[in-house]
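Everything below concerns the one structure shown next.
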Amino acid sequence: MLDLKWILANQETMAGYLKARKHDFDLKTLVELDERRRKIIGETEDLKAKRNEGSRKIGSAKNNPDIDVNALKAEIKAMGDDIKNLDSELAEIEQKLHDCLMTLPNKLSDTTPIGNDENDNPVVRTWGEIRKFDFEPKAHWDIAEPLGIMDFEKGVMLAQSRFTVLKGLGARMERALVNFMLDLHTQKHGYLEVEPPFMVRSAILEGTGQLPKFAEDLYKLQNDDLWLIPTAEVPLTNLNRESILDEKDLPLYYTAYTPCFRREAGSAGRDVRGLMRQHQFDKVEMVKICTPETSYDELEKLTSNAEDVLKILKLPYRVVNLCSGDIGFGSCKTYDLEVWLPSQNKYREISSCSNCEDFQARRMNLRYRPSDPDKNGKIRFAHTLNGSGIAVGRTLIAIIENYQEQDGSVTIPEALVPYMDGLKKIEKI
RNA sequence: GGAGAUGUGGCCGAGCGGUCGAAGGCGGUUGACUCGAAAUCAUCUAAGCGGUGUUGUAGCCGCUUCUAGGGUUCAAAUCCCUACAUCUCCGCCA
């Protein structure tokens, strides 16, 4: 959510952002709603001021028998209906205004390039040597199934398509990757490990921006106001919602491993084979809460924290800066990390690191008290950032494909060996 | 699931129909003392919205907010109802 006052004062800028995002939005309605709102506030507040004054008079009439209390009561009571009507009209308008604001996307950073789609995302940097195979590299499903570490049919049998069963060393490596990533972020990068609920209330999803606009992407429980989380960003960012933090306690760094649940509505036909696009997948997430002054530096650090995972695993990747047409609803600036997949002969997204500035903080009323009262004594909204650190299933894919051998075995990356009980290779038994 | 108690500002905690946006304490601010620090003393210290005003964010006026949503009343933190949460006891359960 953006500051209504800011939007009204910068309508052209906002319209520019919307155009760059290719996002339809009727700013005029917003302006009109606000005008009506102010008008009614003026009327209702005048009436209330009169009412309060009258009530105060009655209160003081105890020691002043000259005042006709009954007449005053009748007079004030008569105003009650008007106030009630105006208040309910106001509530209706404010609800509409709020609904409207909640569907408005975030601003854009000056450093977010203008573009139409993923083809316009500039590459910021590339890391690692792409391995030259002296055989035709296979797709991960053609390697994993014969090894007995992934079972796609069983996933479908138990649930539906886009579910997979990991078995044996496949399941083991998934768990090893989670531990490796969490250890890295907690021990080397200074994050606090968190295990949050995997289900959250609607208001929590509104806080991070998944609701109200993207309900069709989420799994909702039938009998409760609870949804399965699509990412740990949701519970982590909301951890400090509706509170006022002290600047001296910032920045806050959180990391969590959680499964993520996504309906993948609208992605029918894409990545239907393999582990690439699942309804349920594991992810280690990083979230930061910080001051506006530091949030872009924190984004660089956050991104490099995610890159470290790939560097240590020696997986070639590149970093792209998402353009205005590709960036997410709630983000001002996003770096995507794309890992090299030999079978597809291209880079594929494995992490997404975003600075949401105060967009989410406004939605969840997450604020902080600046420590320097001379400069910025007022309570301000914090900035929030999130990034995958990183998607575990896709890391498994990347390892299997990049570390595959001609005989169908998979070498285990050196850094992961200690997490695999010293095992160096996954082979056919 | 059953019974009872509780839910107040950044935090703790009083208040139980009007003069309460709310005592007191902690924390924080500024000043005094000090070479400096600690201690002590004094001072200020809730947020949102609307208006006015300065135009870079002061001040002033008003409205709202004491878990949330309803209700009673001229008037509610205070009374009533509902929901949610916390604590205690019982039941159930991993």
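Identifiers in the structure tokens: chain A, B, ... in order shown; residue index from 1 per chain; ligand index from 1 in order shown.
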
(message) Applying 9 Å and only C-alpha atoms (C1' of nucleotides), which residues near stretch 403-418 of chain A remain after dropping the ones on its own chain fewer than 3 positions away? List them as a VMD selection string.
(response) chain A and resid 133 to 138 140 142 to 144 146 to 147 173 176 to 177 180 312 to 314 398 to 400 421 to 428

(message) Which residues are close to B:C84, i.e. within 12 Å by only C-alpha atoms (C1' of nucleotides), leaving aside same-chain residues fewer than 5 positions away? Reply as number ranges by chain.
(response) B: 7, 67-69

For chain A versus chain B, which residues have an atom no more than 6 Å away, and what is each residue's nearest atom pair and distance in Å rounded to one decimal, using only C-alpha atoms (C1' of nucleotides), chain-then-number order, as a tab-separated table?
residue	atom	partner	partner_atom	distance
A:Glu45	CA	B:C63	C1'	5.3
A:Ser55	CA	B:C74	C1'	5.5
A:Gly59	CA	B:G18	C1'	5.1
A:Lys73	CA	B:C74	C1'	4.4

Test item, helix (DSSP H, G or I) assignment across stretch 210-257 of chain A, answer as a CSV table (one decimal) with all heavy atoms, in the first residue's frame:
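The resulting file, result_5.csv, is shown below:
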chain,number,residue,atom,x,y,z
A,215,ALA,N,-5.6,-14.2,-4.9
A,215,ALA,CA,-6.2,-15.3,-4.1
A,215,ALA,C,-6.2,-16.6,-5.0
A,215,ALA,O,-6.0,-17.7,-4.4
A,215,ALA,CB,-7.6,-15.0,-3.7
A,216,GLU,N,-6.3,-16.5,-6.3
A,216,GLU,CA,-6.4,-17.7,-7.1
A,216,GLU,C,-5.0,-18.4,-7.2
A,216,GLU,O,-5.0,-19.6,-7.6
A,216,GLU,CB,-6.8,-17.3,-8.5
A,216,GLU,CG,-5.9,-16.5,-9.3
A,216,GLU,CD,-5.9,-15.0,-9.1
A,216,GLU,OE1,-6.6,-14.6,-8.1
A,216,GLU,OE2,-5.3,-14.2,-9.8
A,217,ASP,N,-3.9,-17.8,-6.7
A,217,ASP,CA,-2.6,-18.5,-6.7
A,217,ASP,C,-2.4,-19.3,-5.4
A,217,ASP,O,-1.4,-19.9,-5.2
A,217,ASP,CB,-1.5,-17.4,-6.8
A,217,ASP,CG,-1.5,-16.7,-8.1
A,217,ASP,OD1,-2.0,-17.4,-9.1
A,217,ASP,OD2,-1.1,-15.6,-8.2
A,233,GLU,N,8.3,-15.8,3.2
A,233,GLU,CA,8.2,-14.3,3.2
A,233,GLU,C,7.0,-13.8,4.0
A,233,GLU,O,7.1,-12.9,4.7
A,233,GLU,CB,8.2,-13.8,1.8
A,233,GLU,CG,7.9,-12.3,1.7
A,233,GLU,CD,7.3,-11.9,0.3
A,233,GLU,OE1,7.5,-12.7,-0.7
A,233,GLU,OE2,6.7,-10.8,0.2
A,234,VAL,N,5.9,-14.5,3.8
A,234,VAL,CA,4.6,-14.1,4.4
A,234,VAL,C,4.7,-14.1,5.9
A,234,VAL,O,4.5,-13.0,6.5
A,234,VAL,CB,3.4,-14.9,3.8
A,234,VAL,CG1,2.2,-14.5,4.5
A,234,VAL,CG2,3.3,-14.7,2.3
A,235,PRO,N,4.9,-15.2,6.6
A,235,PRO,CA,5.0,-15.2,8.0
A,235,PRO,C,6.2,-14.4,8.6
A,235,PRO,O,6.1,-13.7,9.6
A,235,PRO,CB,5.1,-16.7,8.4
A,235,PRO,CG,5.5,-17.4,7.2
A,235,PRO,CD,5.0,-16.6,6.1
A,236,LEU,N,7.3,-14.5,7.9
A,236,LEU,CA,8.5,-13.8,8.4
A,236,LEU,C,8.4,-12.3,8.4
A,236,LEU,O,8.7,-11.6,9.4
A,236,LEU,CB,9.8,-14.2,7.6
A,236,LEU,CG,10.3,-15.6,7.7
A,236,LEU,CD1,11.6,-15.8,6.9
A,236,LEU,CD2,10.5,-15.9,9.2
A,237,THR,N,7.9,-11.7,7.3
A,237,THR,CA,7.8,-10.3,7.2
A,237,THR,C,6.7,-9.8,8.2
A,237,THR,O,6.9,-8.7,8.7
A,237,THR,CB,7.4,-9.9,5.8
A,237,THR,OG1,8.2,-10.5,4.8
A,237,THR,CG2,7.5,-8.4,5.6
A,238,ASN,N,5.7,-10.6,8.4
A,238,ASN,CA,4.6,-10.2,9.3
A,238,ASN,C,5.0,-10.4,10.8
A,238,ASN,O,4.2,-10.0,11.7
A,238,ASN,CB,3.4,-11.0,9.0
A,238,ASN,CG,2.5,-10.4,7.9
A,238,ASN,OD1,1.9,-9.4,8.1
A,238,ASN,ND2,2.6,-11.0,6.7
A,239,LEU,N,6.2,-10.9,11.1
A,239,LEU,CA,6.5,-11.2,12.5
A,239,LEU,C,6.4,-10.0,13.4
A,239,LEU,O,6.0,-10.1,14.5
A,239,LEU,CB,8.0,-11.8,12.5
A,239,LEU,CG,8.1,-13.3,12.5
A,239,LEU,CD1,9.6,-13.6,12.6
A,239,LEU,CD2,7.4,-14.0,13.6
A,240,ASN,N,6.7,-8.8,12.8
A,240,ASN,CA,6.7,-7.6,13.6
A,240,ASN,C,5.6,-6.7,13.2
A,240,ASN,O,5.7,-5.5,13.5
A,240,ASN,CB,8.1,-6.9,13.5
A,240,ASN,CG,9.2,-7.8,14.1
A,240,ASN,OD1,9.4,-7.9,15.3
A,240,ASN,ND2,9.9,-8.4,13.2
A,247,GLU,N,14.9,2.0,16.4
A,247,GLU,CA,15.9,1.9,15.4
A,247,GLU,C,17.1,1.2,15.8
A,247,GLU,O,17.7,0.5,14.9
A,247,GLU,CB,16.3,3.4,15.0
A,247,GLU,CG,17.3,3.4,13.8
A,247,GLU,CD,17.6,4.8,13.3
A,247,GLU,OE1,16.9,5.7,13.6
A,247,GLU,OE2,18.5,4.9,12.4
A,248,LYS,N,17.5,1.2,17.0
A,248,LYS,CA,18.7,0.5,17.5
A,248,LYS,C,18.6,-1.0,17.3
A,248,LYS,O,19.6,-1.7,17.3
A,248,LYS,CB,19.1,0.9,18.9
A,248,LYS,CG,18.1,0.5,20.0
A,248,LYS,CD,18.7,0.9,21.3
A,248,LYS,CE,17.9,0.3,22.5
A,248,LYS,NZ,16.5,0.4,22.5
A,249,ASP,N,17.4,-1.5,17.2
A,249,ASP,CA,17.2,-2.9,17.0
A,249,ASP,C,17.2,-3.3,15.5
A,249,ASP,O,17.1,-4.5,15.2
A,249,ASP,CB,15.9,-3.4,17.6
A,249,ASP,CG,15.9,-3.2,19.1
A,249,ASP,OD1,17.0,-3.3,19.8
A,249,ASP,OD2,14.8,-2.9,19.7

(message) One number please: atom CA of A:Arg37 to atom CA of A:Arg362, in Å, one decimal.
(response)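 Those two atoms sit 20.0 Å apart.
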